[in-house]
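Student: So that you have it, the file is work.cif, and it contains mmCIF, C-alpha atoms, pLDDT in the B column; chains and numbers go by the auth columns:
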```cif
data_model
#
loop_
_atom_site.group_PDB
_atom_site.id
_atom_site.type_symbol
_atom_site.label_atom_id
_atom_site.label_comp_id
_atom_site.label_asym_id
_atom_site.label_seq_id
_atom_site.Cartn_x
_atom_site.Cartn_y
_atom_site.Cartn_z
_atom_site.B_iso_or_equiv
_atom_site.auth_seq_id
_atom_site.auth_asym_id
ATOM 1 C CA MET A 1 20.151 27.359 43.578 47.00 1299 N
ATOM 2 C CA SER A 2 21.649 26.159 40.309 51.00 1300 N
ATOM 3 C CA LEU A 3 19.550 24.857 37.428 57.00 1301 N
ATOM 4 C CA LEU A 4 20.860 21.341 38.134 49.00 1302 N
ATOM 5 C CA GLU A 5 19.943 21.590 41.827 46.00 1303 N
ATOM 6 C CA GLY A 6 16.467 22.787 40.920 51.00 1304 N
ATOM 7 C CA PHE A 7 16.032 19.930 38.479 54.00 1305 N
ATOM 8 C CA LEU A 8 17.152 17.377 41.075 45.00 1306 N
ATOM 9 C CA LYS A 9 14.737 18.853 43.593 58.00 1307 N
ATOM 10 C CA ILE A 10 11.862 18.498 41.128 62.00 1308 N
ATOM 11 C CA ILE A 11 12.878 14.916 40.308 64.00 1309 N
ATOM 12 C CA GLY A 12 13.048 14.065 44.000 72.00 1310 N
ATOM 13 C CA ALA A 13 9.562 15.463 44.608 78.00 1311 N
ATOM 14 C CA TYR A 14 8.261 13.547 41.608 78.00 1312 N
ATOM 15 C CA LYS A 15 9.676 10.274 42.911 85.00 1313 N
ATOM 16 C CA LEU A 16 8.184 10.872 46.350 87.00 1314 N
ATOM 17 C CA TYR A 17 4.781 11.614 44.837 85.00 1315 N
ATOM 18 C CA ARG A 18 4.971 8.523 42.621 87.00 1316 N
ATOM 19 C CA LYS A 19 5.821 6.350 45.625 89.00 1317 N
ATOM 20 C CA TRP A 20 2.984 7.836 47.678 89.00 1318 N
ATOM 21 C CA LEU A 21 0.547 7.295 44.833 91.00 1319 N
ATOM 22 C CA GLU A 22 1.703 3.707 44.359 92.00 1320 N
ATOM 23 C CA ASN A 23 1.245 2.900 48.052 92.00 1321 N
ATOM 24 C CA SER A 24 -2.128 4.646 48.069 92.00 1322 N
ATOM 25 C CA ILE A 25 -3.658 2.590 45.255 93.00 1323 N
ATOM 26 C CA LYS A 26 -2.243 -0.688 46.569 90.00 1324 N
ATOM 27 C CA SER A 27 -4.314 -0.279 49.737 90.00 1325 N
ATOM 28 C CA LYS A 28 -7.560 -0.341 47.711 93.00 1326 N
ATOM 29 C CA PRO A 29 -9.195 -2.819 45.293 93.00 1327 N
ATOM 30 C CA MET A 30 -7.196 -2.973 42.074 95.00 1328 N
ATOM 31 C CA PRO A 31 -8.600 -3.422 38.581 97.00 1329 N
ATOM 32 C CA GLN A 32 -7.829 -6.937 37.366 97.00 1330 N
ATOM 33 C CA HIS A 33 -8.344 -6.232 33.674 98.00 1331 N
ATOM 34 C CA ILE A 34 -7.184 -3.003 32.056 98.00 1332 N
ATOM 35 C CA GLY A 35 -7.732 -2.092 28.421 98.00 1333 N
ATOM 36 C CA VAL A 36 -5.622 0.623 26.804 98.00 1334 N
ATOM 37 C CA ILE A 37 -6.311 2.436 23.539 98.00 1335 N
ATOM 38 C CA LEU A 38 -2.864 3.488 22.326 97.00 1336 N
ATOM 39 C CA ASP A 39 -3.605 6.827 20.693 96.00 1337 N
ATOM 40 C CA GLY A 40 -1.610 9.867 19.669 94.00 1338 N
ATOM 41 C CA ASN A 41 1.449 8.416 17.920 93.00 1339 N
ATOM 42 C CA ARG A 42 0.983 10.448 14.744 94.00 1340 N
ATOM 43 C CA ARG A 43 0.464 13.776 16.514 95.00 1341 N
ATOM 44 C CA TRP A 44 3.416 13.034 18.796 94.00 1342 N
ATOM 45 C CA ALA A 45 5.610 12.333 15.766 94.00 1343 N
ATOM 46 C CA ARG A 46 4.617 15.641 14.146 94.00 1344 N
ATOM 47 C CA ASN A 47 5.313 17.559 17.359 94.00 1345 N
ATOM 48 C CA LYS A 48 8.715 15.917 17.785 95.00 1346 N
ATOM 49 C CA GLY A 49 9.673 16.198 14.120 95.00 1347 N
ATOM 50 C CA ILE A 50 10.434 12.477 13.814 95.00 1348 N
ATOM 51 C CA THR A 51 9.208 9.834 11.409 95.00 1349 N
ATOM 52 C CA LEU A 52 5.944 8.039 12.030 94.00 1350 N
ATOM 53 C CA GLU A 53 7.739 4.705 12.054 95.00 1351 N
ATOM 54 C CA GLU A 54 10.080 5.861 14.800 96.00 1352 N
ATOM 55 C CA SER A 55 7.092 7.121 16.783 96.00 1353 N
ATOM 56 C CA TYR A 56 5.444 3.698 16.538 96.00 1354 N
ATOM 57 C CA ARG A 57 8.735 2.076 17.545 96.00 1355 N
ATOM 58 C CA ILE A 58 8.924 4.197 20.703 97.00 1356 N
ATOM 59 C CA GLY A 59 5.250 3.473 21.366 97.00 1357 N
ATOM 60 C CA ALA A 60 5.901 -0.265 21.053 97.00 1358 N
ATOM 61 C CA ARG A 61 8.645 -0.037 23.676 96.00 1359 N
ATOM 62 C CA LYS A 62 6.189 1.800 25.906 97.00 1360 N
ATOM 63 C CA VAL A 63 3.822 -1.194 25.675 97.00 1361 N
ATOM 64 C CA GLU A 64 6.589 -3.412 27.055 96.00 1362 N
ATOM 65 C CA GLU A 65 7.010 -0.976 29.955 97.00 1363 N
ATOM 66 C CA LEU A 66 3.252 -0.972 30.528 98.00 1364 N
ATOM 67 C CA LEU A 67 3.212 -4.756 30.737 97.00 1365 N
ATOM 68 C CA GLU A 68 5.994 -4.654 33.336 97.00 1366 N
ATOM 69 C CA TRP A 69 4.060 -2.072 35.367 97.00 1367 N
ATOM 70 C CA CYS A 70 0.923 -4.226 35.294 98.00 1368 N
ATOM 71 C CA VAL A 71 2.863 -7.274 36.483 97.00 1369 N
ATOM 72 C CA LYS A 72 4.420 -5.159 39.241 96.00 1370 N
ATOM 73 C CA LEU A 73 0.962 -4.040 40.400 97.00 1371 N
ATOM 74 C CA GLY A 74 -0.557 -7.517 40.113 96.00 1372 N
ATOM 75 C CA ILE A 75 -2.962 -6.602 37.304 98.00 1373 N
ATOM 76 C CA LYS A 76 -3.776 -9.943 35.745 98.00 1374 N
ATOM 77 C CA THR A 77 -5.040 -8.958 32.302 98.00 1375 N
ATOM 78 C CA LEU A 78 -3.921 -6.240 29.891 98.00 1376 N
ATOM 79 C CA THR A 79 -5.620 -5.685 26.533 98.00 1377 N
ATOM 80 C CA ILE A 80 -4.039 -3.171 24.156 98.00 1378 N
ATOM 81 C CA TYR A 81 -5.718 -1.680 21.088 98.00 1379 N
ATOM 82 C CA VAL A 82 -2.979 -1.542 18.481 97.00 1380 N
ATOM 83 C CA PHE A 83 -4.640 -1.366 15.058 97.00 1381 N
ATOM 84 C CA SER A 84 -8.301 -1.402 14.041 97.00 1382 N
ATOM 85 C CA THR A 85 -9.974 -2.827 10.959 97.00 1383 N
ATOM 86 C CA GLU A 86 -10.743 0.784 9.975 96.00 1384 N
ATOM 87 C CA ASN A 87 -7.050 1.700 10.210 96.00 1385 N
ATOM 88 C CA PHE A 88 -6.419 -0.275 7.012 96.00 1386 N
ATOM 89 C CA ARG A 89 -8.018 2.689 5.214 95.00 1387 N
ATOM 90 C CA ARG A 90 -5.194 4.994 6.263 95.00 1388 N
ATOM 91 C CA ARG A 91 -2.510 6.059 3.786 95.00 1389 N
ATOM 92 C CA PRO A 92 -0.449 3.070 2.556 96.00 1390 N
ATOM 93 C CA ASP A 93 2.780 4.492 3.988 94.00 1391 N
ATOM 94 C CA GLU A 94 1.174 4.810 7.430 95.00 1392 N
ATOM 95 C CA VAL A 95 -0.101 1.226 7.341 96.00 1393 N
ATOM 96 C CA ARG A 96 3.345 0.026 6.228 96.00 1394 N
ATOM 97 C CA ALA A 97 4.956 1.880 9.150 96.00 1395 N
ATOM 98 C CA VAL A 98 2.642 0.155 11.648 96.00 1396 N
ATOM 99 C CA MET A 99 3.196 -3.270 10.109 97.00 1397 N
ATOM 100 C CA SER A 100 6.961 -2.819 9.952 97.00 1398 N
ATOM 101 C CA VAL A 101 7.157 -1.941 13.655 97.00 1399 N
ATOM 102 C CA ALA A 102 4.682 -4.706 14.535 97.00 1400 N
ATOM 103 C CA GLU A 103 6.845 -7.303 12.821 97.00 1401 N
ATOM 104 C CA GLU A 104 10.004 -5.947 14.456 97.00 1402 N
ATOM 105 C CA THR A 105 8.372 -5.869 17.908 97.00 1403 N
ATOM 106 C CA LEU A 106 6.791 -9.323 17.691 97.00 1404 N
ATOM 107 C CA SER A 107 10.131 -10.811 16.594 96.00 1405 N
ATOM 108 C CA ARG A 108 11.792 -9.299 19.655 95.00 1406 N
ATOM 109 C CA VAL A 109 9.025 -10.221 22.097 95.00 1407 N
ATOM 110 C CA LEU A 110 8.984 -13.799 20.830 94.00 1408 N
ATOM 111 C CA ASN A 111 12.411 -14.222 22.452 91.00 1409 N
ATOM 112 C CA ASP A 112 11.625 -12.221 25.575 94.00 1410 N
ATOM 113 C CA GLU A 113 12.178 -14.394 28.657 95.00 1411 N
ATOM 114 C CA ARG A 114 9.941 -12.144 30.750 95.00 1412 N
ATOM 115 C CA LEU A 115 6.892 -13.806 29.208 97.00 1413 N
ATOM 116 C CA HIS A 116 8.030 -17.168 30.532 96.00 1414 N
ATOM 117 C CA LYS A 117 9.360 -15.819 33.812 97.00 1415 N
ATOM 118 C CA HIS A 118 6.008 -14.256 34.713 97.00 1416 N
ATOM 119 C CA GLY A 119 3.792 -16.836 32.979 98.00 1417 N
ATOM 120 C CA ILE A 120 2.164 -14.385 30.562 98.00 1418 N
ATOM 121 C CA ARG A 121 -0.200 -15.777 27.950 98.00 1419 N
ATOM 122 C CA VAL A 122 -0.243 -13.734 24.745 98.00 1420 N
ATOM 123 C CA LYS A 123 -3.261 -13.776 22.432 98.00 1421 N
ATOM 124 C CA SER A 124 -4.169 -11.752 19.372 98.00 1422 N
ATOM 125 C CA LEU A 125 -7.710 -10.416 19.056 98.00 1423 N
ATOM 126 C CA GLY A 126 -9.051 -9.552 15.631 98.00 1424 N
ATOM 127 C CA ARG A 127 -9.279 -10.569 11.998 98.00 1425 N
ATOM 128 C CA THR A 128 -5.633 -11.491 11.897 97.00 1426 N
ATOM 129 C CA TRP A 129 -5.956 -13.077 8.452 97.00 1427 N
ATOM 130 C CA LEU A 130 -5.987 -9.498 7.091 98.00 1428 N
ATOM 131 C CA LEU A 131 -2.428 -8.961 8.344 98.00 1429 N
ATOM 132 C CA PRO A 132 0.769 -9.641 6.376 97.00 1430 N
ATOM 133 C CA PRO A 133 1.715 -13.372 6.457 98.00 1431 N
ATOM 134 C CA ASN A 134 4.869 -12.876 8.517 97.00 1432 N
ATOM 135 C CA ILE A 135 2.969 -11.020 11.246 98.00 1433 N
ATOM 136 C CA GLN A 136 0.360 -13.769 11.283 98.00 1434 N
ATOM 137 C CA ARG A 137 3.140 -16.313 11.734 98.00 1435 N
ATOM 138 C CA LEU A 138 4.773 -14.394 14.574 98.00 1436 N
ATOM 139 C CA LEU A 139 1.449 -14.010 16.384 98.00 1437 N
ATOM 140 C CA ARG A 140 0.778 -17.750 16.088 98.00 1438 N
ATOM 141 C CA GLU A 141 4.236 -18.558 17.425 98.00 1439 N
ATOM 142 C CA LEU A 142 3.716 -16.231 20.384 98.00 1440 N
ATOM 143 C CA GLU A 143 0.343 -17.765 21.141 98.00 1441 N
ATOM 144 C CA VAL A 144 1.664 -21.330 20.940 98.00 1442 N
ATOM 145 C CA SER A 145 4.755 -20.628 23.056 97.00 1443 N
ATOM 146 C CA THR A 146 2.681 -19.070 25.861 98.00 1444 N
ATOM 147 C CA ALA A 147 -0.528 -21.112 25.547 97.00 1445 N
ATOM 148 C CA ASN A 148 -0.077 -22.953 28.850 97.00 1446 N
ATOM 149 C CA TYR A 149 0.440 -19.843 30.990 98.00 1447 N
ATOM 150 C CA SER A 150 -2.274 -18.339 33.164 97.00 1448 N
ATOM 151 C CA ASN A 151 -0.555 -16.006 35.643 98.00 1449 N
ATOM 152 C CA TYR A 152 -1.087 -12.990 33.387 98.00 1450 N
ATOM 153 C CA TYR A 153 -2.758 -12.300 30.052 98.00 1451 N
ATOM 154 C CA LEU A 154 -1.629 -9.917 27.318 98.00 1452 N
ATOM 155 C CA ASN A 155 -4.177 -9.454 24.542 98.00 1453 N
ATOM 156 C CA ILE A 156 -3.140 -7.666 21.356 98.00 1454 N
ATOM 157 C CA ALA A 157 -6.135 -6.192 19.527 98.00 1455 N
ATOM 158 C CA ILE A 158 -4.790 -5.900 15.991 98.00 1456 N
ATOM 159 C CA ALA A 159 -6.908 -5.817 12.827 98.00 1457 N
ATOM 160 C CA TYR A 160 -9.621 -5.559 15.457 98.00 1458 N
ATOM 161 C CA GLY A 161 -13.068 -3.992 15.428 98.00 1459 N
ATOM 162 C CA GLY A 162 -15.786 -4.340 18.045 98.00 1460 N
ATOM 163 C CA ARG A 163 -18.521 -4.618 15.435 97.00 1461 N
ATOM 164 C CA ALA A 164 -16.463 -7.098 13.430 97.00 1462 N
ATOM 165 C CA GLU A 165 -15.998 -9.218 16.561 98.00 1463 N
ATOM 166 C CA ILE A 166 -19.746 -9.352 17.210 98.00 1464 N
ATOM 167 C CA ILE A 167 -20.468 -10.120 13.540 98.00 1465 N
ATOM 168 C CA ASP A 168 -17.924 -12.958 13.578 98.00 1466 N
ATOM 169 C CA ALA A 169 -19.585 -14.394 16.699 98.00 1467 N
ATOM 170 C CA ILE A 170 -23.026 -14.143 15.075 97.00 1468 N
ATOM 171 C CA LYS A 171 -21.769 -15.973 11.989 97.00 1469 N
ATOM 172 C CA GLN A 172 -20.452 -18.873 14.075 97.00 1470 N
ATOM 173 C CA ILE A 173 -23.638 -19.109 16.144 98.00 1471 N
ATOM 174 C CA SER A 174 -25.945 -18.906 13.112 97.00 1472 N
ATOM 175 C CA SER A 175 -23.925 -21.651 11.420 97.00 1473 N
ATOM 176 C CA LEU A 176 -24.545 -23.951 14.397 97.00 1474 N
ATOM 177 C CA VAL A 177 -28.251 -23.094 14.304 97.00 1475 N
ATOM 178 C CA ALA A 178 -28.404 -23.863 10.572 97.00 1476 N
ATOM 179 C CA LYS A 179 -26.773 -27.241 11.188 96.00 1477 N
ATOM 180 C CA GLY A 180 -29.295 -28.051 13.910 95.00 1478 N
ATOM 181 C CA ARG A 181 -26.605 -28.167 16.604 96.00 1479 N
ATOM 182 C CA LEU A 182 -28.066 -25.181 18.427 96.00 1480 N
ATOM 183 C CA ARG A 183 -31.586 -23.886 18.994 95.00 1481 N
ATOM 184 C CA PRO A 184 -32.359 -20.141 18.795 94.00 1482 N
ATOM 185 C CA ASN A 185 -33.714 -20.286 22.345 95.00 1483 N
ATOM 186 C CA ASP A 186 -30.293 -21.494 23.518 95.00 1484 N
ATOM 187 C CA ILE A 187 -28.738 -18.160 22.577 96.00 1485 N
ATOM 188 C CA ASN A 188 -28.011 -15.942 25.582 97.00 1486 N
ATOM 189 C CA GLU A 189 -25.226 -13.664 26.791 96.00 1487 N
ATOM 190 C CA ASP A 190 -23.129 -16.511 28.163 96.00 1488 N
ATOM 191 C CA LEU A 191 -23.277 -18.333 24.829 97.00 1489 N
ATOM 192 C CA VAL A 192 -22.356 -15.242 22.820 98.00 1490 N
ATOM 193 C CA GLU A 193 -19.309 -14.664 25.026 97.00 1491 N
ATOM 194 C CA LYS A 194 -18.030 -18.133 24.153 97.00 1492 N
ATOM 195 C CA PHE A 195 -17.692 -16.999 20.528 98.00 1493 N
ATOM 196 C CA LEU A 196 -16.027 -13.652 21.141 98.00 1494 N
ATOM 197 C CA TYR A 197 -12.272 -13.143 20.650 98.00 1495 N
ATOM 198 C CA THR A 198 -11.888 -12.874 24.445 98.00 1496 N
ATOM 199 C CA SER A 199 -13.450 -16.266 25.256 97.00 1497 N
ATOM 200 C CA HIS A 200 -10.106 -17.568 26.588 97.00 1498 N
ATOM 201 C CA LEU A 201 -9.983 -15.016 29.411 97.00 1499 N
ATOM 202 C CA PRO A 202 -11.071 -15.690 33.001 96.00 1500 N
ATOM 203 C CA ASN A 203 -12.330 -12.072 33.067 96.00 1501 N
ATOM 204 C CA PRO A 204 -13.077 -10.767 29.561 97.00 1502 N
ATOM 205 C CA HIS A 205 -14.666 -7.540 30.837 97.00 1503 N
ATOM 206 C CA PRO A 206 -12.180 -4.710 31.461 98.00 1504 N
ATOM 207 C CA ASP A 207 -12.599 -3.041 34.817 97.00 1505 N
ATOM 208 C CA LEU A 208 -10.866 0.045 33.453 98.00 1506 N
ATOM 209 C CA ILE A 209 -10.289 1.328 29.925 98.00 1507 N
ATOM 210 C CA ILE A 210 -7.695 4.053 29.368 98.00 1508 N
ATOM 211 C CA ARG A 211 -7.414 6.101 26.199 98.00 1509 N
ATOM 212 C CA THR A 212 -4.483 8.427 25.627 97.00 1510 N
ATOM 213 C CA SER A 213 -4.245 11.563 23.428 95.00 1511 N
ATOM 214 C CA GLY A 214 -7.243 13.411 24.900 93.00 1512 N
ATOM 215 C CA GLU A 215 -9.810 11.818 22.574 94.00 1513 N
ATOM 216 C CA GLU A 216 -12.938 10.696 24.436 95.00 1514 N
ATOM 217 C CA ARG A 217 -14.399 7.723 22.576 95.00 1515 N
ATOM 218 C CA LEU A 218 -13.896 3.960 22.419 97.00 1516 N
ATOM 219 C CA SER A 219 -13.551 3.726 18.628 96.00 1517 N
ATOM 220 C CA GLY A 220 -15.015 0.229 18.581 97.00 1518 N
ATOM 221 C CA PHE A 221 -12.791 -1.167 21.332 98.00 1519 N
ATOM 222 C CA LEU A 222 -14.334 -4.188 23.097 98.00 1520 N
ATOM 223 C CA LEU A 223 -17.885 -2.978 22.495 98.00 1521 N
ATOM 224 C CA TRP A 224 -19.517 -6.017 24.090 98.00 1522 N
ATOM 225 C CA GLN A 225 -17.041 -6.456 26.925 98.00 1523 N
ATOM 226 C CA SER A 226 -16.880 -2.775 27.944 97.00 1524 N
ATOM 227 C CA ALA A 227 -20.579 -2.410 28.864 95.00 1525 N
ATOM 228 C CA TYR A 228 -19.720 -1.635 32.506 95.00 1526 N
ATOM 229 C CA SER A 229 -16.072 -0.658 32.213 97.00 1527 N
ATOM 230 C CA GLU A 230 -14.901 2.521 33.889 97.00 1528 N
ATOM 231 C CA LEU A 231 -13.418 4.912 31.312 97.00 1529 N
ATOM 232 C CA CYS A 232 -10.439 7.204 31.794 97.00 1530 N
ATOM 233 C CA PHE A 233 -9.323 9.631 29.069 97.00 1531 N
ATOM 234 C CA LEU A 234 -5.840 11.065 29.468 97.00 1532 N
ATOM 235 C CA ASP A 235 -4.489 14.170 27.776 95.00 1533 N
ATOM 236 C CA VAL A 236 -1.122 12.607 26.960 97.00 1534 N
ATOM 237 C CA TYR A 237 0.084 11.068 23.701 97.00 1535 N
ATOM 238 C CA TRP A 238 0.854 7.376 23.927 97.00 1536 N
ATOM 239 C CA PRO A 239 4.680 7.579 23.568 96.00 1537 N
ATOM 240 C CA ASP A 240 4.734 9.984 26.546 96.00 1538 N
ATOM 241 C CA PHE A 241 2.642 7.699 28.786 97.00 1539 N
ATOM 242 C CA ARG A 242 4.331 7.239 32.191 95.00 1540 N
ATOM 243 C CA TYR A 243 3.997 4.934 35.168 96.00 1541 N
ATOM 244 C CA ILE A 244 2.504 7.824 37.115 95.00 1542 N
ATOM 245 C CA ASP A 245 -0.205 8.203 34.431 96.00 1543 N
ATOM 246 C CA LEU A 246 -1.179 4.576 34.991 97.00 1544 N
ATOM 247 C CA LEU A 247 -1.252 5.122 38.753 97.00 1545 N
ATOM 248 C CA ARG A 248 -3.462 8.202 38.363 95.00 1546 N
ATOM 249 C CA ALA A 249 -5.870 6.336 36.109 97.00 1547 N
ATOM 250 C CA ILE A 250 -6.133 3.537 38.651 97.00 1548 N
ATOM 251 C CA ARG A 251 -6.731 6.050 41.435 96.00 1549 N
ATOM 252 C CA THR A 252 -9.523 7.606 39.360 95.00 1550 N
ATOM 253 C CA TYR A 253 -11.017 4.132 38.928 96.00 1551 N
ATOM 254 C CA GLN A 254 -10.837 3.471 42.668 96.00 1552 N
ATOM 255 C CA LYS A 255 -12.710 6.685 43.456 93.00 1553 N
ATOM 256 C CA ARG A 256 -15.708 5.629 41.389 88.00 1554 N
ATOM 257 C CA GLN A 257 -18.638 3.541 42.548 81.00 1555 N
ATOM 258 C CA ARG A 258 -19.311 0.757 40.066 75.00 1556 N
ATOM 259 C CA ARG A 259 -23.031 0.083 39.673 76.00 1557 N
ATOM 260 C CA PHE A 260 -23.399 -2.539 36.898 70.00 1558 N
ATOM 261 C CA GLY A 261 -26.794 -1.144 35.964 66.00 1559 N
ATOM 262 C CA VAL A 262 -28.197 -1.362 39.490 60.00 1560 N
#
```
For the structure just supplied, provide its representation as structure tokens.

Tutor:
Amino acid sequence: MSLLEGFLKIIGAYKLYRKWLENSIKSKPMPQHIGVILDGNRRWARNKGITLEESYRIGARKVEELLEWCVKLGIKTLTIYVFSTENFRRRPDEVRAVMSVAEETLSRVLNDERLHKHGIRVKSLGRTWLLPPNIQRLLRELEVSTANYSNYYLNIAIAYGGRAEIIDAIKQISSLVAKGRLRPNDINEDLVEKFLYTSHLPNPHPDLIIRTSGEERLSGFLLWQSAYSELCFLDVYWPDFRYIDLLRAIRTYQKRQRRFGV
């Protein structure tokens, strides 16, 4: 058997396995909200010997693929963790690389007809006023142009921190209390959720959270909303994330028994 024949045989087996896995998960309850922590771009860039900016660019294209996969599988809500409030403390050249690719990607996505074809509402989550003005503008334009859609939801956690989100909610609630528009006894979980960044979502609580790169922590991602999320940590860097990795994570989720504290 030639090298080419062997390669084709492997590819054929891979495609068969992917199809079997896809059919298998579709026969069971699917997660309706998936959160993904996009990790491993810097290590991937070092391993490949390419620039960090190019790594982020490839990772951004992978997000577009991920969104297509979620639509294909009927997963209604996708929340991606792009850049945290703590990430601003990274080296200036690294922050510039992220912001450059973010601006480039948002400009492209703003004209992407797939958002309108599938009815995808895009929303940014985070302290977006910390971002460069042009990125703020692009995010606002994306939000406005998709505001009336409700088939699918894409949430971009950028300049985001779970603690910061809770603090921002507390500030808004305490301001209403100070003005006499709210009583302390009125404060409960339902009220707090109305002031979180995810208040626009029909289901703000991710069923499944995936983190790539092999790291096993949430790093402040959706701290309030993830209380009962199932967690899946994958030993693959984000730019190498494949459709089959998503299918495997969903299968792992389906094998678990969700208890919600009971």

Student: Would you compute the distance between atom CA of N:Arg1412 and atom CA of N:Thr1375? Give it in Å to one decimal.

Tutor: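 Atom CA of N:Thr1375 lies 15.4 Å from atom CA of N:Arg1412.
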
Student: Do you know which residues lie at most 12 Å from (6.7, -3.6, 8.3), with coordinates as in the file and only C-alpha atoms counted, and could you write them as a ChimeraX atom specification?

Tutor: /N:1351-1352,1354-1355,1390-1405,1429-1433

Student: Tell me which residues come within 7 Å of (0.0, -3.8, 29.6), as a ChimeraX atom specification, counting only C-alpha atoms in the file's coordinates.

Tutor: /N:1361,1364-1365,1368,1376-1378,1452

Student: The selected residues should be written to file as a compact mmCIF listing (two decimals), in the coordinates of the input (atoms: C-alpha atoms).

Tutor:
```
# COMPACT_ATOMS: atom_id res chain seq x y z
CA VAL N 1361 3.82 -1.19 25.68
CA LEU N 1364 3.25 -0.97 30.53
CA LEU N 1365 3.21 -4.76 30.74
CA CYS N 1368 0.92 -4.23 35.29
CA LEU N 1376 -3.92 -6.24 29.89
CA THR N 1377 -5.62 -5.68 26.53
CA ILE N 1378 -4.04 -3.17 24.16
CA LEU N 1452 -1.63 -9.92 27.32
```

Student: Mind telling me what the PyMOL selection byres ((chain N and resi 1498) around 12) catches here, as a list in words?

Tutor: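 Answer for the PyMOL selection byres ((chain N and resi 1498) around 12): Thr1375, Arg1419, Val1420, Lys1421, Ser1422, Leu1423, Glu1441, Ala1445, Asn1446, Tyr1447, Ser1448, Tyr1451, Leu1452, Asn1453, Glu1491, Lys1492, Phe1493, Leu1494, Tyr1495, Thr1496, Ser1497, Leu1499, Pro1500, Asn1501, Pro1502 and His1503 of chain N.
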
Student: Please, what distance in Å, to one decimal, runs between atom CA of N:Gly1372 and atom CA of N:Trp1522?

Tutor: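 Computed distance, atom CA of N:Gly1372 to atom CA of N:Trp1522, equals 24.9 Å.
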
Student: For N:Gln1330, which residue out of N:Leu1436, N:Ile1373, N:Ile1356, N:Leu1408 is the nearest one, using all atoms listed in the file?

Tutor: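 Distance minimum relative to N:Gln1330 lands on N:Ile1373.
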
Student: Would you work out the distance separating atom CA of N:Ser1353 from atom CA of N:Leu1336, expressed in Å to one decimal?

Tutor: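 Between atom CA of N:Ser1353 and atom CA of N:Leu1336 the gap is 12.0 Å.
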
Student: Select, from N:Arg1389, N:His1331, N:His1414, N:Lys1469, the residue with the minimum atom-to-atom distance to N:Ser1443, counting all atoms listed in the file.

Tutor: N:His1414

Student: Between N:Ile1548, N:Gln1523, N:Gly1424, N:Glu1384, which one has atoms that come closest to N:Asp1488, using all atoms listed in the file?

Tutor: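 Nearest to N:Asp1488: N:Gln1523.
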
Student: Run through the PyMOL selection byres ((chain N and resi 1538) around 12) on the given coordinates and return the selected residues as a compact mmCIF listing (two decimals) with C-alpha atoms, keeping the file's coordinate frame.

Tutor:
```
# COMPACT_ATOMS: atom_id res chain seq x y z
CA LEU N 1336 -2.86 3.49 22.33
CA ASP N 1337 -3.60 6.83 20.69
CA GLY N 1338 -1.61 9.87 19.67
CA ASN N 1339 1.45 8.42 17.92
CA ARG N 1341 0.46 13.78 16.51
CA TRP N 1342 3.42 13.03 18.80
CA ALA N 1343 5.61 12.33 15.77
CA ASN N 1345 5.31 17.56 17.36
CA LYS N 1346 8.72 15.92 17.78
CA SER N 1353 7.09 7.12 16.78
CA TYR N 1354 5.44 3.70 16.54
CA ILE N 1356 8.92 4.20 20.70
CA GLY N 1357 5.25 3.47 21.37
CA ALA N 1358 5.90 -0.26 21.05
CA ARG N 1359 8.64 -0.04 23.68
CA LYS N 1360 6.19 1.80 25.91
CA VAL N 1361 3.82 -1.19 25.68
CA GLU N 1363 7.01 -0.98 29.96
CA LEU N 1364 3.25 -0.97 30.53
CA THR N 1510 -4.48 8.43 25.63
CA SER N 1511 -4.24 11.56 23.43
CA LEU N 1532 -5.84 11.06 29.47
CA ASP N 1533 -4.49 14.17 27.78
CA VAL N 1534 -1.12 12.61 26.96
CA TYR N 1535 0.08 11.07 23.70
CA TRP N 1536 0.85 7.38 23.93
CA PRO N 1537 4.68 7.58 23.57
CA PHE N 1539 2.64 7.70 28.79
CA ARG N 1540 4.33 7.24 32.19
CA TYR N 1541 4.00 4.93 35.17
CA ILE N 1542 2.50 7.82 37.12
CA ASP N 1543 -0.20 8.20 34.43
CA LEU N 1544 -1.18 4.58 34.99
```

Student: Any chance you could resolve the PyMOL selection byres ((chain N and resi 1312-1322) around 12) against this file and give the residues as a list in words?

Tutor: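 Selection result, ordered by chain and number: Phe1305, Leu1306, Lys1307, Ile1308, Ile1309, Gly1310, Ala1311, Ile1323, Lys1324, Ser1325, Lys1326, Pro1327, Met1328, Trp1367, Lys1370, Leu1371, Arg1540, Tyr1541, Ile1542, Asp1543, Leu1544, Leu1545, Arg1546, Ala1547, Ile1548, Arg1549, Thr1550, Gln1552 and Lys1553 of chain N.
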
Student: As a ChimeraX atom specification, please: the residues near N:Cys1530 (cut-off 8 Å, only C-alpha atoms, same-chain neighbours under 6 positions excluded).

Tutor: /N:1506-1509,1547,1550-1551

Student: So for stretch 1318-1324 of chain N, what box centre and size do we get, axis-aligned, 5 Å extra on each of the six sides, every listed atom, Å to one decimal, as AutoDock Vina command-line options?

Tutor:
```
--center_x -0.3 --center_y 3.6 --center_z 46.2 --size_x 16.6 --size_y 18.5 --size_z 13.7
```

Student: Pick from N:Thr1444, N:Ser1473, N:Ser1382, N:Gln1434: nearest to N:Leu1520, with all atoms listed in the file counted?

Tutor: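 Ranking N:Thr1444, N:Ser1473, N:Ser1382, N:Gln1434 by distance to N:Leu1520, first place goes to N:Ser1382.
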